[in-house]
>>> print(open('start_6.cif').read())   # mmCIF, C-alpha atoms and all ligand atoms
data_coords
loop_
_atom_site.label_atom_id
_atom_site.label_comp_id
_atom_site.auth_asym_id
_atom_site.auth_seq_id
_atom_site.Cartn_x
_atom_site.Cartn_y
_atom_site.Cartn_z
CA MET A 789 0.00 0.00 0.00
CA LYS A 790 1.16 3.52 -0.80
CA ASN A 791 1.11 6.60 1.41
CA LYS A 792 -0.64 9.41 -0.37
CA VAL A 793 -1.08 13.14 0.13
CA LEU A 794 -3.51 15.29 -1.87
CA ARG A 795 -2.86 19.01 -2.30
CA VAL A 796 -6.19 20.72 -2.79
CA THR A 797 -7.82 24.11 -3.12
CA ALA A 798 -11.44 25.06 -2.64
CA ALA A 799 -13.77 28.06 -2.74
CA ASN A 800 -11.91 29.77 -5.59
CA ASN A 801 -8.49 29.29 -3.97
CA SER A 802 -9.53 30.98 -0.73
CA ILE A 803 -9.17 27.62 1.05
CA ARG A 804 -6.18 25.35 0.62
CA GLY A 805 -5.44 22.04 2.18
CA PHE A 806 -3.63 18.74 2.32
CA PHE A 807 -5.34 15.38 2.89
CA SER A 808 -3.05 12.55 3.77
CA ASN A 809 -3.00 8.79 4.19
CA THR A 810 0.13 7.67 6.03
CA THR A 811 -0.90 4.16 7.11
CA ALA A 812 2.06 2.34 5.53
CA LEU A 813 4.74 4.79 6.65
CA VAL A 814 3.48 4.80 10.24
CA GLU A 815 3.49 0.98 10.20
CA LYS A 816 7.12 1.19 9.02
CA ALA A 817 7.97 3.63 11.84
CA LYS A 818 6.28 1.32 14.34
CA GLU A 819 8.39 -1.64 13.20
CA LEU A 820 11.67 0.32 13.10
CA HIS A 821 11.21 1.76 16.58
CA ILE A 822 9.29 -1.10 18.25
CA THR A 823 6.79 1.31 19.76
CA SER A 824 3.96 0.97 22.24
CA PRO A 825 0.50 2.03 20.95
CA VAL A 826 0.61 5.45 22.62
CA ALA A 827 4.15 6.07 21.34
CA ILE A 828 3.24 5.28 17.73
CA ALA A 829 0.07 7.36 18.03
CA ALA A 830 2.13 10.40 19.06
CA LEU A 831 4.97 9.75 16.60
CA GLY A 832 2.58 8.85 13.79
CA ARG A 833 0.52 12.02 14.17
CA THR A 834 3.73 14.06 14.15
CA LEU A 835 5.01 12.20 11.05
CA THR A 836 1.74 12.90 9.20
CA ALA A 837 1.68 16.62 10.03
CA THR A 838 5.39 17.15 9.36
CA SER A 839 5.12 15.38 6.00
CA ILE A 840 2.40 17.90 5.06
CA MET A 841 4.58 20.79 6.28
CA GLY A 842 7.40 19.41 4.12
CA LEU A 843 5.12 19.63 1.09
CA MET A 844 4.39 23.28 1.98
CA LEU A 845 8.10 24.14 1.52
CA LYS A 846 8.89 26.12 -1.59
CA GLU A 847 12.16 24.66 -2.86
CA ASP A 848 13.54 21.17 -3.48
CA ASN A 849 16.44 21.46 -1.04
CA HIS A 850 14.39 22.88 1.84
CA LYS A 851 13.94 20.86 4.99
CA ILE A 852 11.79 21.05 8.08
CA THR A 853 12.32 19.64 11.56
CA VAL A 854 9.56 19.47 14.17
CA LYS A 855 10.42 18.84 17.82
CA ILE A 856 7.72 18.26 20.39
CA ASN A 857 8.72 18.02 24.00
CA GLY A 858 5.98 18.25 26.62
CA GLY A 859 7.88 16.84 29.59
CA GLY A 860 5.73 13.69 29.58
CA PRO A 861 6.99 10.09 29.73
CA LEU A 862 7.47 9.86 25.94
CA GLY A 863 10.22 12.49 26.01
CA SER A 864 11.02 14.32 22.78
CA ILE A 865 9.45 13.52 19.46
CA VAL A 866 11.61 14.58 16.52
CA VAL A 867 10.53 14.42 12.88
CA VAL A 868 12.33 15.70 9.79
CA ALA A 869 10.63 16.14 6.41
CA ASN A 870 11.94 17.14 3.01
CA SER A 871 10.03 19.11 0.39
CA GLU A 872 8.78 15.86 -1.19
CA GLY A 873 6.93 15.07 2.03
CA ASN A 874 9.21 12.17 2.91
CA VAL A 875 9.84 11.88 6.62
CA LYS A 876 12.03 10.27 9.25
CA GLY A 877 11.49 10.51 12.97
CA TYR A 878 11.75 9.05 16.42
CA VAL A 879 10.35 9.29 19.91
CA ALA A 880 12.81 9.25 22.82
CA ASN A 881 10.99 6.58 24.86
CA PRO A 882 9.18 4.37 22.36
CA GLN A 883 8.06 1.74 24.88
CA VAL A 884 6.13 4.01 27.25
CA GLU A 885 3.12 2.21 28.67
CA SER A 886 -0.15 3.20 27.02
CA THR A 887 -2.96 4.75 29.02
CA TYR A 888 -6.46 5.41 27.73
CA ILE A 889 -8.95 8.28 28.02
CA ARG A 890 -11.69 5.72 27.43
CA GLU A 891 -11.86 2.33 25.71
CA ASN A 892 -9.85 2.42 22.47
CA LYS A 893 -9.02 6.10 22.97
CA LEU A 894 -5.32 6.44 23.75
CA ASN A 895 -4.30 9.22 26.10
CA VAL A 896 -1.67 10.80 23.85
CA GLY A 897 -1.82 14.14 25.68
CA GLU A 898 -0.77 12.56 28.95
CA ALA A 899 2.12 10.65 27.36
CA VAL A 900 3.39 13.74 25.53
CA GLY A 901 2.73 16.19 28.37
CA THR A 902 1.93 19.89 28.09
CA ASN A 903 4.87 21.33 29.94
CA GLY A 904 6.89 22.29 26.89
CA ALA A 905 6.74 23.42 23.31
CA ILE A 906 6.39 22.54 19.68
CA THR A 907 9.42 23.86 17.82
CA VAL A 908 9.67 24.10 14.05
CA ILE A 909 13.03 24.56 12.36
CA LYS A 910 12.90 25.39 8.67
CA ASP A 911 16.11 25.08 6.73
CA ILE A 912 15.34 27.13 3.63
CA GLY A 913 18.90 27.58 2.41
CA LEU A 914 19.67 30.72 4.41
CA LYS A 915 22.66 31.08 6.70
CA ASP A 916 20.47 30.63 9.76
CA PRO A 917 17.39 28.43 9.74
CA TYR A 918 13.98 29.87 10.61
CA VAL A 919 12.99 28.74 14.13
CA GLY A 920 9.46 29.10 15.50
CA SER A 921 8.17 27.77 18.77
CA TYR A 922 4.89 27.76 20.67
CA PRO A 923 3.89 26.25 24.04
CA LEU A 924 2.01 22.96 23.77
CA THR A 925 -1.75 23.30 24.14
CA THR A 926 -2.94 19.76 24.84
CA GLY A 927 -0.10 17.42 23.86
CA GLU A 928 -2.60 15.71 21.54
CA ILE A 929 -0.42 16.90 18.61
CA ALA A 930 -3.13 18.12 16.16
CA GLU A 931 -4.16 21.02 18.44
CA ASP A 932 -0.50 21.80 19.02
CA PHE A 933 0.21 22.09 15.30
CA ALA A 934 -2.92 24.27 14.93
CA SER A 935 -1.70 26.65 17.67
CA TYR A 936 1.74 26.74 16.09
CA PHE A 937 0.24 27.70 12.69
CA LEU A 938 -1.99 30.35 14.25
CA TYR A 939 0.37 32.02 16.71
CA SER A 940 3.83 31.44 15.23
CA GLU A 941 2.97 31.73 11.52
CA GLN A 942 -0.20 33.87 11.85
CA GLN A 943 -1.89 31.33 9.62
CA PRO A 944 -5.20 29.96 10.91
CA ALA A 945 -5.45 26.24 10.17
CA ALA A 946 -7.66 23.32 11.03
CA VAL A 947 -5.50 20.29 11.76
CA ALA A 948 -6.83 16.77 12.17
CA LEU A 949 -4.56 13.79 12.77
CA GLY A 950 -5.58 10.26 13.57
CA ILE A 951 -4.25 6.75 13.99
CA LEU A 952 -6.25 3.58 14.37
CA ILE A 953 -4.46 0.61 15.88
CA ASP A 954 -5.84 -2.87 15.31
CA VAL A 955 -6.17 -5.56 17.99
CA ASP A 956 -2.97 -7.20 16.69
CA TYR A 957 -1.16 -3.81 16.97
CA THR A 958 -0.89 -3.28 13.24
CA ILE A 959 -1.72 0.21 12.04
CA LYS A 960 -5.24 -0.08 10.67
CA ALA A 961 -5.27 3.49 9.41
CA SER A 962 -3.28 6.68 9.78
CA GLY A 963 -3.88 10.02 8.18
CA GLY A 964 -5.00 13.56 8.60
CA PHE A 965 -5.54 16.91 7.04
CA VAL A 966 -4.47 20.52 7.31
CA VAL A 967 -6.93 23.10 5.97
CA GLN A 968 -5.84 26.74 5.77
CA VAL A 969 -7.73 29.83 4.76
CA MET A 970 -6.25 32.56 2.63
CA PRO A 971 -6.50 36.23 3.70
CA ASP A 972 -8.95 36.97 0.86
CA ILE A 973 -11.58 34.50 2.06
CA SER A 974 -15.07 36.01 2.29
CA GLU A 975 -16.80 36.23 5.67
CA GLU A 976 -19.59 34.06 4.34
CA VAL A 977 -17.31 31.21 3.21
CA LEU A 978 -15.27 31.45 6.40
CA THR A 979 -18.37 31.13 8.61
CA LYS A 980 -19.65 28.23 6.53
CA LEU A 981 -16.26 26.48 6.78
CA GLU A 982 -16.03 27.02 10.54
CA ASP A 983 -19.54 25.58 10.95
CA LYS A 984 -18.59 22.59 8.83
CA LEU A 985 -15.38 21.92 10.76
CA THR A 986 -17.20 21.96 14.10
CA THR A 987 -19.87 19.50 12.92
CA ILE A 988 -17.81 16.86 11.09
CA GLU A 989 -16.93 13.65 12.87
CA SER A 990 -13.38 13.08 14.09
CA ILE A 991 -10.82 11.89 11.56
CA THR A 992 -10.46 8.54 13.35
CA VAL A 993 -14.21 7.92 13.07
CA LEU A 994 -14.04 8.73 9.35
CA MET A 995 -11.03 6.44 8.87
CA ASP A 996 -12.73 3.71 10.89
CA LYS A 997 -15.60 3.83 8.39
CA GLY A 998 -13.00 2.94 5.76
CA MET A 999 -13.10 6.34 4.06
CA THR A 1000 -10.25 7.10 1.67
CA GLU A 1001 -8.43 10.46 1.67
CA GLU A 1002 -10.56 11.52 -1.36
CA GLU A 1003 -13.74 10.67 0.54
CA ILE A 1004 -12.54 12.53 3.62
CA LEU A 1005 -11.69 15.51 1.40
CA ASN A 1006 -15.23 15.49 0.02
CA HIS A 1007 -16.70 15.03 3.48
CA VAL A 1008 -14.84 18.10 4.79
CA LEU A 1009 -14.69 20.41 1.75
CA GLY A 1010 -17.39 18.95 -0.52
CA ASP A 1011 -19.57 22.08 -0.15
CA PHE A 1012 -16.70 24.34 -1.24
CA ASP A 1013 -16.02 23.03 -4.75
CA PRO A 1014 -12.69 21.35 -3.96
CA LYS A 1015 -10.07 20.67 -6.64
CA ILE A 1016 -7.17 18.26 -6.33
CA LEU A 1017 -4.07 20.09 -7.59
CA GLN A 1018 -1.52 17.37 -7.00
CA GLU A 1019 -1.07 13.90 -5.57
CA TYR A 1020 2.14 12.93 -3.82
CA GLU A 1021 3.50 9.58 -2.77
CA VAL A 1022 5.38 9.93 0.52
CA ASP A 1023 7.31 7.51 2.73
CA PHE A 1024 9.43 7.04 5.84
CA ILE A 1025 12.95 7.28 4.44
CA CYS A 1026 16.13 7.62 6.48
CA ASP A 1027 19.13 9.12 4.71
CA CYS A 1028 21.75 8.10 7.26
CA HIS A 1029 25.07 6.82 5.94
CA VAL A 1030 28.44 5.81 7.32
CA GLU A 1031 30.19 9.11 6.42
CA ARG A 1032 27.79 11.09 8.60
CA LEU A 1033 28.47 8.86 11.60
CA GLU A 1034 32.21 9.08 10.92
CA GLN A 1035 31.84 12.86 11.21
CA ALA A 1036 29.98 12.40 14.50
CA LEU A 1037 32.80 10.20 15.82
CA ILE A 1038 35.46 12.67 14.70
CA SER A 1039 33.59 15.51 16.40
CA ILE A 1040 33.70 13.82 19.81
CA GLY A 1041 37.45 14.33 19.88
CA ARG A 1042 40.79 12.55 19.98
CA LYS A 1043 40.69 11.43 23.59
CA GLU A 1044 37.36 9.65 23.31
CA LEU A 1045 38.44 8.01 20.06
CA VAL A 1046 41.64 6.75 21.69
CA ASP A 1047 39.55 5.37 24.58
CA MET A 1048 37.24 3.59 22.16
CA ILE A 1049 40.21 2.04 20.36
CA GLU A 1050 42.20 1.05 23.45
CA GLU A 1051 39.45 0.17 25.93
CA ASP A 1052 36.53 -0.95 23.80
CA GLY A 1053 38.34 -2.14 20.66
CA GLY A 1054 35.62 -0.59 18.51
CA ALA A 1055 32.42 1.40 18.62
CA GLU A 1056 28.80 0.82 17.74
CA MET A 1057 26.64 3.76 16.70
CA THR A 1058 22.89 3.66 16.16
CA CYS A 1059 20.96 6.05 13.94
CA HIS A 1060 18.23 7.64 16.08
CA PHE A 1061 15.90 7.97 13.14
CA CYS A 1062 15.85 4.40 11.82
CA ASN A 1063 17.68 2.36 14.49
CA LYS A 1064 20.24 1.12 11.96
CA LYS A 1065 23.44 0.06 13.70
CA TYR A 1066 26.88 0.97 12.40
CA TYR A 1067 29.91 -0.89 13.74
CA PHE A 1068 33.35 0.71 13.66
CA ASP A 1069 36.24 -1.67 14.31
CA LYS A 1070 39.69 -0.75 15.65
CA ASP A 1071 41.20 -0.15 12.20
CA HIS A 1072 38.32 2.06 11.12
CA LEU A 1073 38.57 4.16 14.30
CA THR A 1074 42.34 4.42 13.90
CA ARG A 1075 41.87 5.76 10.35
CA LEU A 1076 39.44 8.38 11.72
CA LEU A 1077 41.89 9.31 14.47
CA ASP A 1078 44.68 9.74 11.90
CA SER A 1079 42.45 12.01 9.81
CA ILE A 1080 41.94 14.53 12.61
ZN ZN B 1 18.99 6.16 9.80
#
>>> encode(input="start_6.cif", output="structure tokens", more="lines below")
Ligand SMILES: [Zn+2]
Amino acid sequence: MKNKVLRVTAANNSIRGFFSNTTALVEKAKELHITSPVAIAALGRTLTATSIMGLMLKEDNHKITVKINGGGPLGSIVVVANSEGNVKGYVANPQVESTYIRENKLNVGEAVGTNGAITVIKDIGLKDPYVGSYPLTTGEIAEDFASYFLYSEQQPAAVALGILIDVDYTIKASGGFVVQVMPDISEEVLTKLEDKLTTIESITVLMDKGMTEEEILNHVLGDFDPKILQEYEVDFICDCHVERLEQALISIGRKELVDMIEEDGGAEMTCHFCNKKYYFDKDHLTRLLDSI
């Protein structure tokens, strides 16, 4: 199955949005990080929203990093997206025990916590990246992205993110949408849209009915003459490679490298984003030491 994101406009371009199905990539993240249900719910929602924010970037080489740290048991959630909407990400404590608000309703807010912020770092090719941050509202992720858009980017947005986990812990469905209004939107359309957004069912209910991203788009924006501008295929892709970890080893300094060679006889490094392990033997470390 493919992960898909639709870029849409509606109401004569005064509404724009992204509707996303990330079921397969969240399943991949779950397997790479061996996560508990509440951990994959939090990470998966962040992966979905950050993938959409990646697609909002203007240039091919732009990159976006989202960090969410609410002081809860999950610790930090970090997700990076490129302008093609491909993502990689991790949660600091992937095996945190799941708690529930009610049956089948994971308590993501409690696991994430609200004593912290959502921070967005946009690398758009300038000397310094753009950094925006806003205190977490609920730790439920979707509301936190919405507050970030509104207060840090002055861009009102409706954000819905959902994950359904099956009884066997496979990801039954994952997806979401971001709907933004342009400054030229008429009062009438805006009121109608706000009414619509307050009356629609939650994204997880819609996904549980088996609705596709096109059907969810029509459910949400059907009254506003929506048009699909583009369809993207996105994925969880880690771009780690041995040279990058060599640089990390070099940057820790001569003394530590000597210790690794003499005391440990080698070093193992793990990529945070995909859990891939890299082993550096004595000879390899010695070569790095000589290159400093
Ligand atoms: Zn990696």
>>> atom_distance(input="start_6.cif", atom1="CA of Asp972 in chain A", atom2="CA of Asn800 in chain A")
10.1 Å
>>> residues_around(input="start_6.cif", residues="Asn801 in chain A", least_positions_apart="3", cutoff="12 Å", atoms="only C-alpha atoms", output="list in words")
Arg795, Val796, Thr797, Ala798, Arg804, Gly805, Val967, Gln968, Val969, Met970, Pro971, Asp972, Ile973, Ser974, Val977, Phe1012, Asp1013, Pro1014, Lys1015, Ile1016 and Leu1017 of chain A
>>> atom_distance(input="start_6.cif", atom1="CA of Gly927 in chain A", atom2="CA of Ile856 in chain A")
8.6 Å
>>> residues_around(input="start_6.cif", residues="range 811-814 of chain A", least_positions_apart="5", cutoff="10 Å", atoms="only C-alpha atoms", output="number ranges by chain")
A: 789-792, 819-820, 828-829, 831-833, 835-836, 874-876, 951-952, 958-963, 1022-1025
>>> residues_around(input="start_6.cif", residues="Val826 in chain A", least_positions_apart="2", cutoff="7 Å", atoms="all atoms listed in the file", output="VMD selection string")
chain A and resid 824 828 to 830 886 894 896
>>> residues_near_ligand(input="start_6.cif", ligand="ligand ZN 1 (chain B)", cutoff="7 Å", atoms="only C-alpha atoms and all ligand atoms", output="number ranges by chain")
A: 1026-1028, 1059-1064
>>> closest_residue(input="start_6.cif", among="A:Glu847, A:Glu1051, A:Glu1003, A:Glu931", to="Ile906 in chain A", atoms="all atoms listed in the file")
A:Glu931
>>> closest_residue(input="start_6.cif", among="A:Val919, A:Ala930, A:Ile822, A:Ala817", to="Thr853 in chain A", atoms="all atoms listed in the file")
A:Val919
>>> build_atoms(input="start_6.cif", residues="range 1053-1067 of chain A", atoms="N, CA and C atoms", output="compact mmCIF listing (two decimals), in the coordinates of the input")
# COMPACT_ATOMS: atom_id res chain seq x y z
N GLY A 1053 37.95 -1.42 21.88
CA GLY A 1053 38.34 -2.14 20.66
C GLY A 1053 37.39 -1.91 19.50
N GLY A 1054 36.56 -0.88 19.60
CA GLY A 1054 35.62 -0.59 18.51
C GLY A 1054 34.49 0.26 19.05
N ALA A 1055 33.56 0.60 18.17
CA ALA A 1055 32.42 1.40 18.62
C ALA A 1055 31.19 1.03 17.80
N GLU A 1056 30.04 1.04 18.47
CA GLU A 1056 28.80 0.82 17.74
C GLU A 1056 27.97 2.09 17.84
N MET A 1057 27.47 2.55 16.71
CA MET A 1057 26.64 3.76 16.70
C MET A 1057 25.29 3.38 16.10
N THR A 1058 24.24 3.95 16.66
CA THR A 1058 22.89 3.66 16.16
C THR A 1058 22.28 4.95 15.63
N CYS A 1059 21.68 4.88 14.47
CA CYS A 1059 20.96 6.05 13.94
C CYS A 1059 19.65 6.21 14.71
N HIS A 1060 19.45 7.40 15.32
CA HIS A 1060 18.23 7.64 16.08
C HIS A 1060 16.98 7.47 15.23
N PHE A 1061 17.09 7.87 13.97
CA PHE A 1061 15.90 7.97 13.14
C PHE A 1061 15.39 6.62 12.63
N CYS A 1062 16.32 5.67 12.39
CA CYS A 1062 15.85 4.40 11.82
C CYS A 1062 16.38 3.19 12.59
N ASN A 1063 17.14 3.44 13.65
CA ASN A 1063 17.68 2.36 14.49
C ASN A 1063 18.72 1.49 13.80
N LYS A 1064 19.20 1.90 12.63
CA LYS A 1064 20.24 1.12 11.96
C LYS A 1064 21.54 1.22 12.77
N LYS A 1065 22.20 0.09 12.92
CA LYS A 1065 23.44 0.06 13.70
C LYS A 1065 24.65 0.08 12.77
N TYR A 1066 25.62 0.88 13.15
CA TYR A 1066 26.88 0.97 12.40
C TYR A 1066 28.00 0.54 13.34
N TYR A 1067 28.81 -0.43 12.89
CA TYR A 1067 29.91 -0.89 13.74
C TYR A 1067 31.24 -0.38 13.18
